[in-house]
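J.: Here you go, this is run07.cif (mmCIF, C-alpha atoms).
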data_protein
#
loop_
_atom_site.label_atom_id
_atom_site.label_comp_id
_atom_site.auth_asym_id
_atom_site.auth_seq_id
_atom_site.Cartn_x
_atom_site.Cartn_y
_atom_site.Cartn_z
CA MET T 1006 -65.24 -32.81 -22.40
CA LYS T 1007 -64.00 -33.96 -19.01
CA THR T 1008 -64.00 -31.60 -16.09
CA PRO T 1009 -61.76 -31.85 -13.04
CA GLY T 1010 -63.48 -31.75 -9.66
CA TRP T 1011 -62.73 -29.22 -6.95
CA PRO T 1012 -64.55 -28.68 -3.65
CA PRO T 1013 -65.64 -25.06 -3.15
CA MET T 1014 -63.33 -22.73 -1.23
CA ALA T 1015 -66.12 -21.14 0.85
CA GLY T 1016 -64.99 -17.59 0.20
CA VAL T 1017 -61.47 -18.16 1.50
CA LEU T 1018 -58.39 -17.80 -0.67
CA ARG T 1019 -55.39 -19.93 0.18
CA ILE T 1020 -51.84 -20.23 -1.04
CA GLY T 1021 -51.49 -22.95 -3.68
CA ILE T 1022 -49.39 -25.95 -2.80
CA VAL T 1023 -47.39 -25.71 -5.99
CA ALA T 1024 -44.68 -23.08 -5.97
CA ALA T 1025 -44.34 -23.43 -9.73
CA ALA T 1026 -47.77 -21.87 -10.10
CA LEU T 1027 -46.25 -18.59 -8.99
CA ALA T 1028 -44.41 -18.28 -12.28
CA GLY T 1029 -47.74 -18.02 -14.09
CA LEU T 1030 -48.99 -15.51 -11.56
CA PHE T 1031 -45.98 -13.29 -12.05
CA ALA T 1032 -46.21 -13.51 -15.84
CA CYS T 1033 -49.82 -12.36 -16.18
CA GLY T 1034 -51.73 -9.26 -15.12
CA THR T 1035 -49.75 -8.72 -11.94
CA ALA T 1036 -47.07 -6.93 -13.93
CA ARG T 1037 -49.32 -3.92 -14.46
CA ALA T 1038 -47.68 -0.61 -13.57
CA ALA T 1039 -44.43 -2.50 -13.22
CA SER T 1040 -42.11 0.09 -14.65
CA GLY T 1041 -42.16 2.36 -11.61
CA LYS T 1042 -42.73 -0.08 -8.78
CA ALA T 1043 -39.30 -1.71 -8.88
CA GLN T 1044 -37.70 1.66 -8.14
CA GLY T 1045 -39.24 1.88 -4.68
CA ILE T 1046 -36.65 0.08 -2.56
CA PRO T 1047 -34.55 2.66 -0.67
CA ALA T 1048 -30.89 2.61 0.29
CA SER T 1049 -29.92 3.04 3.94
CA PHE T 1050 -29.01 6.67 3.27
CA ASP T 1051 -30.79 9.61 1.63
CA CYS T 1052 -30.13 9.26 -2.09
CA ALA T 1053 -31.32 12.82 -2.70
CA LYS T 1054 -28.28 14.03 -0.77
CA ALA T 1055 -25.77 11.58 -2.26
CA GLU T 1056 -22.67 13.27 -3.68
CA ARG T 1057 -19.90 10.68 -3.84
CA ALA T 1058 -19.68 8.59 -7.03
CA ALA T 1059 -20.07 5.30 -5.14
CA ASP T 1060 -23.19 6.47 -3.32
CA ARG T 1061 -24.77 7.88 -6.47
CA PHE T 1062 -24.03 4.66 -8.36
CA ILE T 1063 -25.62 2.61 -5.57
CA CYS T 1064 -28.68 4.85 -5.64
CA ALA T 1065 -29.06 4.33 -9.39
CA GLN T 1066 -29.35 0.52 -9.07
CA ALA T 1067 -32.31 -1.09 -7.27
CA VAL T 1068 -30.30 -4.23 -6.51
CA LEU T 1069 -27.51 -2.21 -4.89
CA ARG T 1070 -29.98 -0.10 -2.92
CA TRP T 1071 -31.39 -3.31 -1.47
CA GLN T 1072 -27.91 -4.61 -0.72
CA ASP T 1073 -27.13 -1.39 1.14
CA LEU T 1074 -30.40 -1.45 3.10
CA ALA T 1075 -29.98 -5.13 4.02
CA LEU T 1076 -26.38 -4.53 5.08
CA SER T 1077 -27.43 -1.62 7.31
CA ARG T 1078 -29.93 -3.91 9.04
CA GLY T 1079 -27.24 -6.52 9.59
CA TYR T 1080 -24.87 -3.89 10.91
CA ALA T 1081 -27.47 -2.61 13.38
CA ALA T 1082 -28.17 -6.15 14.60
CA ALA T 1083 -24.45 -6.86 14.97
CA LYS T 1084 -23.89 -3.63 16.95
CA ALA T 1085 -26.77 -4.49 19.25
CA SER T 1086 -25.35 -7.96 19.91
CA VAL T 1087 -21.92 -6.89 21.21
CA ALA T 1088 -20.71 -4.78 24.11
CA GLU T 1089 -17.74 -2.45 24.40
CA PRO T 1090 -14.95 -2.60 23.34
CA ALA T 1091 -16.17 -5.03 20.64
CA ARG T 1092 -18.80 -2.52 19.54
CA ARG T 1093 -16.20 0.19 19.05
CA GLU T 1094 -14.08 -2.23 17.03
CA LEU T 1095 -17.10 -3.11 14.89
CA VAL T 1096 -17.78 0.56 14.12
CA SER T 1097 -14.14 1.02 13.13
CA SER T 1098 -14.15 -2.10 10.95
CA GLN T 1099 -17.31 -0.93 9.20
CA ARG T 1100 -15.69 2.39 8.33
CA ASP T 1101 -12.67 0.51 7.02
CA TRP T 1102 -14.97 -1.71 4.94
CA ILE T 1103 -16.68 1.31 3.34
CA ARG T 1104 -13.32 2.81 2.40
CA GLU T 1105 -12.14 -0.51 0.95
CA ARG T 1106 -15.46 -0.94 -0.91
CA ASP T 1107 -15.00 2.41 -2.62
CA ARG T 1108 -11.32 1.84 -3.37
CA ARG T 1109 -11.87 -1.63 -4.78
CA CYS T 1110 -15.05 -1.04 -6.79
CA VAL T 1111 -15.08 2.65 -7.74
CA ALA T 1112 -11.59 4.12 -7.16
CA ASP T 1113 -11.33 7.62 -8.63
CA ARG T 1114 -13.96 7.16 -11.35
CA SER T 1115 -16.74 9.71 -11.67
CA PHE T 1116 -20.43 8.88 -11.56
CA ALA T 1117 -20.68 9.81 -15.24
CA GLU T 1118 -17.94 7.30 -16.12
CA LEU T 1119 -19.65 4.59 -14.09
CA SER T 1120 -23.04 5.25 -15.66
CA VAL T 1121 -22.30 4.76 -19.36
CA PRO T 1122 -24.87 2.15 -20.48
CA SER T 1123 -23.48 -1.27 -21.42
CA SER T 1124 -19.94 -0.22 -20.61
CA ALA T 1125 -17.45 -2.69 -19.16
CA LEU T 1126 -16.64 -0.19 -16.41
CA ARG T 1127 -20.27 -0.02 -15.31
CA LYS T 1128 -20.57 -3.81 -15.19
CA GLN T 1129 -17.31 -4.17 -13.28
CA ALA T 1130 -18.42 -1.67 -10.64
CA TYR T 1131 -21.85 -3.28 -10.36
CA ASP T 1132 -20.48 -6.83 -10.00
CA CYS T 1133 -17.79 -5.70 -7.58
CA LEU T 1134 -20.26 -3.91 -5.31
CA ASN T 1135 -22.64 -6.86 -5.37
CA THR T 1136 -19.84 -9.20 -4.33
CA VAL T 1137 -18.43 -7.10 -1.50
CA TYR T 1138 -21.88 -6.34 -0.14
CA LEU T 1139 -22.87 -10.03 -0.04
CA GLU T 1140 -19.63 -10.98 1.69
CA ARG T 1141 -19.99 -8.24 4.30
CA ARG T 1142 -23.68 -8.96 4.84
CA ARG T 1143 -22.94 -12.57 5.73
CA VAL T 1144 -20.19 -11.53 8.15
CA LEU T 1145 -22.47 -9.04 9.92
CA GLN T 1146 -25.44 -11.40 9.82
CA ASP T 1147 -23.49 -14.16 11.55
CA LEU T 1148 -22.07 -11.72 14.09
CA GLY T 1149 -25.51 -10.39 14.98
CA VAL T 1150 -27.13 -13.83 15.32
CA LYS T 1151 -25.20 -17.09 15.36
CA PRO T 1152 -26.21 -19.24 12.35
CA LEU T 1153 -28.57 -22.13 12.99
CA ALA T 1154 -26.55 -25.32 12.44
CA PRO T 1155 -28.54 -28.23 10.93
CA SER T 1156 -27.59 -31.84 11.66
CA ASP T 1157 -28.08 -35.19 9.90
CA MET T 1158 -28.04 -33.49 6.50
CA VAL T 1159 -28.74 -35.82 3.56
CA GLU T 1160 -29.79 -35.61 -0.08
CA ILE T 1161 -33.16 -37.24 -0.76
CA ASP T 1162 -32.73 -40.13 -3.19
CA LEU T 1163 -35.49 -39.83 -5.82
CA LYS T 1164 -34.32 -42.62 -8.14
CA ALA T 1165 -37.42 -44.73 -7.43
CA ILE T 1166 -39.68 -41.91 -8.60
CA ALA T 1167 -37.55 -41.31 -11.69
CA ALA T 1168 -37.78 -45.01 -12.59
CA GLU T 1169 -41.55 -45.15 -12.08
CA ARG T 1170 -42.35 -41.78 -13.66
CA PRO T 1171 -39.85 -41.22 -16.51
CA GLU T 1172 -42.23 -38.79 -18.20
CA ILE T 1173 -41.59 -36.16 -15.50
CA VAL T 1174 -37.81 -36.57 -15.40
CA ALA T 1175 -35.84 -33.43 -16.24
CA GLY T 1176 -32.10 -34.06 -16.35
CA PRO T 1177 -30.97 -36.66 -13.82
CA GLY T 1178 -34.04 -36.47 -11.57
CA PRO T 1179 -37.82 -36.01 -11.53
CA ARG T 1180 -39.48 -32.63 -11.33
CA ILE T 1181 -41.05 -31.96 -7.93
CA ALA T 1182 -44.14 -29.79 -7.46
CA ASP T 1183 -44.05 -29.49 -3.68
CA ILE T 1184 -43.04 -31.28 -0.48
CA GLN T 1185 -44.91 -31.32 2.83
CA ALA T 1186 -43.64 -32.68 6.15
CA SER T 1187 -45.63 -34.60 8.73
CA PRO T 1188 -46.08 -32.66 11.99
CA ASP T 1189 -43.38 -34.68 13.77
CA GLY T 1190 -40.99 -34.56 10.81
CA SER T 1191 -40.80 -38.34 10.45
CA MET T 1192 -42.46 -38.45 7.00
CA LEU T 1193 -42.57 -36.40 3.83
CA ALA T 1194 -45.28 -36.14 1.20
CA ILE T 1195 -43.60 -35.53 -2.16
CA LEU T 1196 -45.99 -34.09 -4.75
CA LEU T 1197 -45.28 -34.70 -8.42
CA PRO T 1198 -46.50 -32.37 -11.18
CA SER T 1199 -49.32 -33.15 -13.55
CA LEU T 1200 -48.48 -33.15 -17.25
CA GLU T 1201 -51.81 -31.51 -18.08
CA ILE T 1202 -52.50 -28.81 -15.50
CA ASP T 1203 -50.41 -26.64 -13.19
CA LEU T 1204 -51.17 -28.70 -10.07
CA PRO T 1205 -49.75 -31.87 -8.49
CA GLY T 1206 -50.95 -35.12 -10.00
CA GLN T 1207 -49.54 -37.72 -7.60
CA VAL T 1208 -48.15 -38.07 -4.07
CA TRP T 1209 -45.30 -40.25 -2.84
CA LEU T 1210 -44.36 -40.93 0.79
CA TYR T 1211 -40.81 -40.77 2.15
CA ARG T 1212 -39.79 -41.98 5.61
CA VAL T 1213 -36.90 -39.96 7.02
CA ALA T 1214 -35.51 -42.64 9.34
CA ASP T 1215 -34.78 -45.30 6.71
CA ARG T 1216 -35.26 -43.22 3.51
CA LYS T 1217 -37.95 -45.56 2.22
CA LEU T 1218 -40.02 -44.18 -0.67
CA ALA T 1219 -43.40 -45.42 -1.95
CA ALA T 1220 -46.33 -44.15 -4.04
CA ALA T 1221 -49.27 -42.94 -1.95
CA THR T 1222 -51.79 -42.28 -4.75
CA PRO T 1223 -52.13 -43.89 -8.19
CA LYS T 1224 -50.13 -42.73 -11.15
CA PRO T 1225 -52.22 -40.36 -13.31
CA ASP T 1226 -53.67 -41.81 -16.49
CA LEU T 1227 -51.58 -40.71 -19.48
CA GLY T 1228 -54.00 -41.70 -22.22
CA PRO T 1229 -55.86 -39.21 -24.43
CA ALA T 1230 -59.22 -40.07 -22.80
CA HIS T 1231 -59.24 -40.43 -19.02
CA PRO T 1232 -61.52 -43.01 -17.36
CA ASP T 1233 -64.15 -41.71 -14.97
CA GLY T 1234 -62.78 -41.49 -11.46
CA SER T 1235 -59.11 -41.56 -12.46
CA PRO T 1236 -56.91 -39.14 -10.46
CA MET T 1237 -56.46 -35.71 -11.98
CA ALA T 1238 -54.89 -33.51 -9.28
CA ILE T 1239 -54.10 -33.42 -5.58
CA HIS T 1240 -56.26 -30.88 -3.78
CA SER T 1241 -55.23 -31.13 -0.12
CA LEU T 1242 -53.29 -33.32 2.31
CA ALA T 1243 -53.66 -34.11 6.01
CA TRP T 1244 -51.66 -36.27 8.40
CA GLN T 1245 -52.90 -38.58 11.15
CA GLY T 1246 -49.88 -40.22 12.72
CA HIS T 1247 -47.98 -41.92 9.90
CA THR T 1248 -51.07 -42.08 7.68
CA LEU T 1249 -51.45 -39.50 4.93
CA TYR T 1250 -54.91 -38.58 3.66
CA ALA T 1251 -55.16 -36.97 0.24
CA ARG T 1252 -58.20 -35.30 -1.27
CA VAL T 1253 -57.86 -35.97 -4.99
CA ALA T 1254 -59.79 -34.35 -7.82
CA VAL T 1255 -60.88 -36.93 -10.40
CA TRP T 1256 -61.84 -36.84 -14.03
CA SER T 1257 -65.58 -37.04 -14.64
CA GLN T 1258 -67.87 -36.93 -17.66
CA ARG T 1259 -71.06 -36.94 -15.62
CA ASN T 1260 -70.36 -33.92 -13.44
CA GLN T 1261 -69.72 -30.81 -15.50
CA ALA T 1262 -70.20 -28.34 -12.63
CA GLU T 1263 -67.31 -26.21 -11.43
CA GLN T 1264 -67.32 -28.07 -8.12
CA GLY T 1265 -66.74 -31.38 -9.91
CA ALA T 1266 -65.86 -34.54 -8.01
CA SER T 1267 -63.19 -35.55 -5.55
CA VAL T 1268 -62.25 -38.66 -3.60
CA VAL T 1269 -60.04 -39.39 -0.60
CA TYR T 1270 -57.05 -41.73 -0.43
CA ALA T 1271 -55.42 -43.05 2.74
CA ALA T 1272 -51.77 -44.08 2.46
CA THR T 1273 -48.87 -45.43 4.47
CA LEU T 1274 -45.55 -46.77 3.23
CA ASP T 1275 -47.25 -50.17 2.90
CA GLY T 1276 -49.59 -48.78 0.25
CA GLY T 1277 -52.53 -46.52 -0.45
CA ARG T 1278 -56.25 -47.12 -0.98
CA ARG T 1279 -59.26 -45.12 -2.02
CA LEU T 1280 -61.78 -44.77 0.80
CA ASP T 1281 -65.34 -45.81 -0.04
CA GLU T 1282 -66.56 -44.13 3.14
CA VAL T 1283 -64.66 -41.15 4.51
CA PRO T 1284 -64.89 -40.80 8.31
CA GLY T 1285 -66.04 -37.42 9.54
CA GLY T 1286 -62.79 -36.92 11.42
CA VAL T 1287 -60.79 -37.35 8.23
CA ARG T 1288 -62.99 -34.87 6.37
CA SER T 1289 -62.43 -32.40 9.19
CA LEU T 1290 -58.66 -32.85 8.93
CA LEU T 1291 -58.73 -32.20 5.18
CA ASP T 1292 -61.05 -29.22 5.57
CA ALA T 1293 -58.71 -27.77 8.19
CA ALA T 1294 -55.77 -28.26 5.81
CA ASP T 1295 -57.68 -26.29 3.16
CA ARG T 1296 -58.11 -23.42 5.60
CA ARG T 1297 -54.56 -23.45 7.01
CA ASP T 1298 -52.84 -20.08 6.58
CA ALA T 1299 -56.04 -18.84 4.94
CA VAL T 1300 -56.68 -15.14 4.48
CA ALA T 1301 -60.14 -13.80 3.72
CA GLN T 1302 -60.46 -11.77 0.54
CA ASP T 1303 -61.89 -8.79 2.41
CA GLU T 1304 -58.63 -8.46 4.41
CA VAL T 1305 -56.80 -7.41 1.26
CA PRO T 1306 -57.55 -4.19 -0.67
CA GLN T 1307 -58.90 -4.90 -4.13
CA SER T 1308 -55.92 -3.05 -5.61
CA ASP T 1309 -53.66 -5.72 -4.10
CA TRP T 1310 -55.62 -8.80 -5.16
CA ASP T 1311 -52.68 -9.84 -7.32
CA ILE T 1312 -51.01 -11.07 -4.09
CA LEU T 1313 -53.82 -13.40 -3.03
CA GLU T 1314 -52.05 -16.50 -4.32
CA THR T 1315 -49.03 -15.84 -2.09
CA ILE T 1316 -50.52 -14.39 1.10
CA ARG T 1317 -50.50 -16.38 4.35
CA GLY T 1318 -51.38 -15.50 7.88
CA ASN T 1319 -51.81 -16.46 11.49
CA ARG T 1320 -53.59 -14.57 14.24
CA GLN T 1321 -50.87 -11.95 14.55
CA PHE T 1322 -49.23 -11.48 11.15
CA LEU T 1323 -49.70 -11.55 7.40
CA ALA T 1324 -46.95 -12.28 4.89
CA TRP T 1325 -46.97 -12.16 1.11
CA ALA T 1326 -44.76 -12.01 -1.98
CA TYR T 1327 -45.50 -8.79 -3.85
CA ASP T 1328 -44.74 -8.65 -7.56
CA LEU T 1329 -42.99 -5.43 -8.56
CA GLY T 1330 -42.69 -6.47 -12.18
CA HIS T 1331 -39.68 -7.38 -14.30
CA GLY T 1332 -39.08 -10.52 -12.22
CA THR T 1333 -38.66 -8.54 -8.99
CA ILE T 1334 -40.39 -9.57 -5.77
CA GLU T 1335 -40.70 -8.05 -2.31
CA LEU T 1336 -41.40 -10.42 0.56
CA ARG T 1337 -43.59 -8.30 2.80
CA MET T 1338 -45.10 -8.76 6.26
CA ARG T 1339 -47.30 -6.76 8.61
CA GLU T 1340 -49.30 -7.15 11.77
CA ARG T 1341 -52.79 -8.51 11.18
CA VAL T 1342 -54.42 -5.26 12.21
CA SER T 1343 -56.19 -3.13 9.66
CA GLY T 1344 -54.03 -0.25 8.49
CA SER T 1345 -50.74 -1.67 9.81
CA PRO T 1346 -47.73 -0.66 7.68
CA PHE T 1347 -45.83 -3.40 5.91
CA TYR T 1348 -42.17 -4.30 6.39
CA VAL T 1349 -40.02 -5.50 3.49
CA ALA T 1350 -38.35 -8.65 4.81
CA ALA T 1351 -36.52 -9.36 1.56
CA TRP T 1352 -36.20 -8.02 -1.99
CA GLY T 1353 -35.10 -10.02 -5.00
CA SER T 1354 -36.19 -12.41 -7.74
CA TRP T 1355 -39.32 -14.51 -8.13
CA GLY T 1356 -37.81 -17.25 -5.93
CA LEU T 1357 -38.89 -15.21 -2.89
CA GLY T 1358 -42.42 -16.38 -3.64
CA GLN T 1359 -41.36 -19.77 -2.33
CA TYR T 1360 -41.26 -19.06 1.38
CA LEU T 1361 -42.50 -20.95 4.44
CA PHE T 1362 -44.63 -19.51 7.23
CA ASP T 1363 -44.18 -21.13 10.64
CA THR T 1364 -47.59 -19.99 11.88
CA ARG T 1365 -47.14 -21.45 15.35
CA ARG T 1366 -44.05 -19.35 16.13
CA SER T 1367 -44.57 -16.46 13.67
CA ARG T 1368 -41.38 -17.21 11.73
CA LEU T 1369 -40.68 -16.85 8.02
CA ILE T 1370 -38.20 -19.13 6.27
CA TYR T 1371 -37.14 -17.77 2.90
CA PRO T 1372 -34.33 -17.69 0.33
CA ALA T 1373 -32.22 -14.63 1.14
CA ASP T 1374 -29.19 -13.47 -0.84
CA THR T 1375 -26.94 -15.08 1.79
CA GLY T 1376 -28.72 -18.46 1.94
CA LEU T 1377 -31.86 -19.65 3.69
CA VAL T 1378 -32.82 -17.57 6.71
CA ILE T 1379 -35.38 -17.61 9.51
CA LEU T 1380 -37.02 -14.29 10.36
CA ASP T 1381 -38.68 -13.76 13.74
CA MET T 1382 -41.72 -11.66 12.80
CA HIS T 1383 -41.99 -10.22 16.33
CA THR T 1384 -38.41 -8.95 16.61
CA ARG T 1385 -37.48 -8.93 12.88
CA ARG T 1386 -34.33 -10.78 13.88
CA GLU T 1387 -32.86 -12.66 10.92
CA GLN T 1388 -30.90 -15.88 11.44
CA ARG T 1389 -29.03 -17.66 8.67
CA ILE T 1390 -29.31 -21.43 8.29
CA ALA T 1391 -25.79 -22.81 7.96
CA GLY T 1392 -25.11 -25.21 5.10
CA THR T 1393 -27.32 -23.35 2.62
CA SER T 1394 -26.44 -21.17 -0.37
CA ARG T 1395 -27.78 -18.20 -2.24
CA GLY T 1396 -30.49 -19.53 -4.55
CA ASP T 1397 -31.52 -22.47 -2.36
CA ARG T 1398 -35.30 -22.80 -1.97
CA PRO T 1399 -37.18 -23.94 1.14
CA TYR T 1400 -39.81 -26.61 0.54
CA ALA T 1401 -41.05 -27.85 3.92
CA VAL T 1402 -40.63 -27.48 7.65
CA SER T 1403 -42.28 -29.76 10.20
CA ALA T 1404 -44.75 -28.32 12.69
CA ASP T 1405 -42.23 -28.82 15.50
CA ARG T 1406 -39.66 -26.96 13.33
CA ARG T 1407 -37.17 -29.79 13.73
CA LEU T 1408 -37.07 -30.95 10.08
CA LEU T 1409 -36.28 -28.71 7.11
CA VAL T 1410 -36.38 -29.65 3.42
CA TRP T 1411 -34.93 -27.48 0.66
CA SER T 1412 -33.61 -27.66 -2.88
CA THR T 1413 -30.27 -26.56 -4.30
CA ARG T 1414 -28.33 -26.73 -7.55
CA ASN T 1415 -25.12 -26.99 -5.56
CA HIS T 1416 -24.52 -29.85 -3.13
CA CYS T 1417 -26.34 -30.22 0.17
CA GLY T 1418 -24.30 -28.34 2.77
CA ASP T 1419 -22.63 -25.86 0.40
CA GLU T 1420 -22.55 -22.19 1.44
CA PHE T 1421 -21.95 -20.31 -1.81
CA LEU T 1422 -22.83 -16.67 -2.44
CA ALA T 1423 -22.58 -16.93 -6.24
CA GLU T 1424 -25.71 -17.38 -8.31
CA GLN T 1425 -26.54 -21.00 -9.01
CA ASP T 1426 -26.27 -22.60 -12.44
CA ASP T 1427 -29.80 -23.16 -13.75
CA ASP T 1428 -28.51 -26.05 -15.87
CA ALA T 1429 -27.09 -27.90 -12.86
CA PRO T 1430 -29.18 -30.77 -11.44
CA GLU T 1431 -31.63 -29.84 -8.71
CA ARG T 1432 -31.03 -31.69 -5.47
CA PHE T 1433 -33.42 -31.99 -2.54
CA CYS T 1434 -31.88 -31.89 0.92
CA LEU T 1435 -33.20 -32.51 4.40
CA ALA T 1436 -31.73 -31.84 7.82
CA HIS T 1437 -32.74 -31.56 11.44
CA LEU T 1438 -32.68 -28.13 13.04
CA PRO T 1439 -31.77 -27.42 16.66
CA GLY T 1440 -34.66 -27.02 19.08
CA PRO T 1441 -36.61 -23.73 19.22
CA GLY T 1442 -34.42 -22.51 22.05
CA ALA T 1443 -31.49 -22.39 19.62
CA GLY T 1444 -33.31 -20.14 17.22
#
Render the structure in this file as structure tokens.

T.:
Amino acid sequence: MKTPGWPPMAGVLRIGIVAAALAGLFACGTARAASGKAQGIPASFDCAKAERAADRFICAQAVLRWQDLALSRGYAAAKASVAEPARRELVSSQRDWIRERDRRCVADRSFAELSVPSSALRKQAYDCLNTVYLERRRVLQDLGVKPLAPSDMVEIDLKAIAAERPEIVAGPGPRIADIQASPDGSMLAILLPSLEIDLPGQVWLYRVADRKLAAATPKPDLGPAHPDGSPMAIHSLAWQGHTLYARVAVWSQRNQAEQGASVVYAATLDGGRRLDEVPGGVRSLLDAADRRDAVAQDEVPQSDWDILETIRGNRQFLAWAYDLGHGTIELRMRERVSGSPFYVAAWGSWGLGQYLFDTRRSRLIYPADTGLVILDMHTRREQRIAGTSRGDRPYAVSADRRLLVWSTRNHCGDEFLAEQDDDAPERFCLAHLPGPGAG
């Protein structure tokens, strides 16, 4: 039996570099006590005192409660951003919107009529409310904080990978495990999935300036018996200028210990090579990459250990995707002080587990219902990224926060609020963001 090699984690748990691994996390023991947890999200008003049919219907649906809470946050931010008489006009327009919401989606129907299970009337009201809430949320969101406008937006051409690795092609393009950006945003490391384990098996390099693409580590062996030393999985990555270093777990018959064996590759667009001797500085870079965003196990109550695969932190804040069960996730954050209460940044499907943490500036980038957004963890100010849609997923942001990479099943630059078609091809987009002063 061959055993993959992994360096020890020294008591520190770190987010995995493969977002797809979250699906397994959410499907296993984390769904315990799920039936009641998904009911916890509140509306913006006291549901115990709700009397009108529309309010009672909203209170009965977790998705609509979240929509109402998120809209109230957007409304508060919009009110704070404008002065009189614009503020007075906003208050009036919000009252008009509530009246129109009720007229359009509920009319004179009773709560009992709206609540008949599986009825067409119930579905119509639910879909209508979802639609009008999303539309209004985007309006208020953009009024409160001007959207961040990306530039130089392009779709990443992955045809070279598809041609070289046909076994991982799904539809028109290859499956991607993860993407990481170099600190200056000039290069991308594109990680491809292994066919045998739920971790990346190969890395390719992509240069943003001329869109050149080249393999950085060898293609995994696809035979039934793997030669000693052949690459098994990518463990960690580190950049030094335009050179990418990759710590790679290798197959080994000799070493059966859990720690196993690993090697280091150095790669540029001109090619990659396995290092016979690894300089101490390179080891330090890779070790630091292992510890980046790390959170010690003793910082998390044992009852919440099911979040350890998604938790990240810097000196001031922690963030994590909390599984409520039934495919429902809360993206939570709190100050990194023992006993601090958590704040629900977003509520939705398992895609919220794929978020980015800009540790330098304490920003979260995540897939909101209205498109990709940036959340300032200090002020809780939410800013939409223009040219993104509901269902888009963030993959990478450079350390200088000038380059953003995301995926979509629409086209790069679309701004749709409708759910994306899971059967549509997945596209990977990149764009440059305005400087930090703009967001």

J.: Which value, in Å to one decimal, gives the distance between atom CA of Phe1050 of chain T and atom CA of Tyr1327 of chain T?

T.: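 Interatomic distance here is 23.7 Å.
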
J.: Using only C-alpha atoms, determine which residues lie at most 12 Å from segment 1212-1221 of chain T, disregarding the query and same-chain residues fewer than 3 positions distant; provide the list as number ranges by chain.

T.: T: 1157-1167, 1169-1170, 1186-1187, 1189-1197, 1206-1209, 1224-1225, 1239, 1242, 1247-1253, 1269-1279, 1403, 1408-1410, 1434-1437

J.: One decimal, Å: what's the distance from atom CA of Leu1380 of chain T over to atom CA of Glu1094 of chain T, could you say?

T.: 26.8 Å

J.: When you count only C-alpha atoms, which of these residues is closest to Leu1148 of chain T: T:Thr1413, T:Gln1321, T:Gln1388, T:Thr1375?

T.: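 That would be T:Gln1388, the residue with the smallest distance to Leu1148 of chain T.
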
J.: If you measure from atom CA of Asp1292 of chain T to atom CA of Asp1381 of chain T, what distance in Å do you get, rounded to one decimal?

T.: 28.4 Å

J.: Could you state which residues are captured by the PyMOL selection byres ((chain T and resi 1337) around 8) in this file, as a PyMOL selection string?

T.: chain T and resi 1324-1327+1335-1336+1338-1339+1347-1351

J.: Around (-30.9, -13.6, 6.4) in the file's own coordinates, what residues are found within 10 Å if you use only C-alpha atoms, given back as a list in words?

T.: Ala1075, Gly1079, Arg1142, Arg1143, Gln1146, Asp1147, Val1150, Pro1152, Ala1350, Ala1351, Ile1370, Tyr1371, Pro1372, Ala1373, Asp1374, Thr1375, Gly1376, Leu1377, Val1378, Ile1379, Leu1380, Arg1386, Glu1387, Gln1388, Arg1389 and Ile1390 of chain T

J.: Have a look at T:Ala1182, T:Ala1083, T:Leu1119, T:Ala1055 and name the one nearest to Arg1141 of chain T; count all atoms listed in the file.

T.: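 The shortest atom-to-atom distance to Arg1141 of chain T comes from T:Ala1083.
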
J.: Counting only C-alpha atoms, which of T:Lys1084, T:Ser1120, T:Lys1151, T:Arg1288 gets nearest to Cys1064 of chain T?

T.: T:Ser1120

J.: Which is closer to Ala1294 of chain T than all the others in T:Ala1243, T:Ala1117, T:Ala1048, T:Ile1312, using only C-alpha atoms?

T.: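 Looking at the shortest contact to Ala1294 of chain T, the residue is T:Ala1243.
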
J.: Which residues are close to Pro1236 of chain T, i.e. within 10 Å by all atoms listed in the file, leaving aside same-chain residues fewer than 4 positions away? Reply as a list of chain:residue names.

T.: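 Residues near the query, excluding close chain neighbours: T:Pro1009, T:Gly1010, T:Gly1206, T:Gln1207, T:Thr1222, T:Pro1223, T:Lys1224, T:Pro1225, T:Asp1226, T:His1231, T:Pro1232, T:Val1253, T:Ala1254, T:Val1255, T:Trp1256, T:Ser1257, T:Ser1267, T:Val1268.
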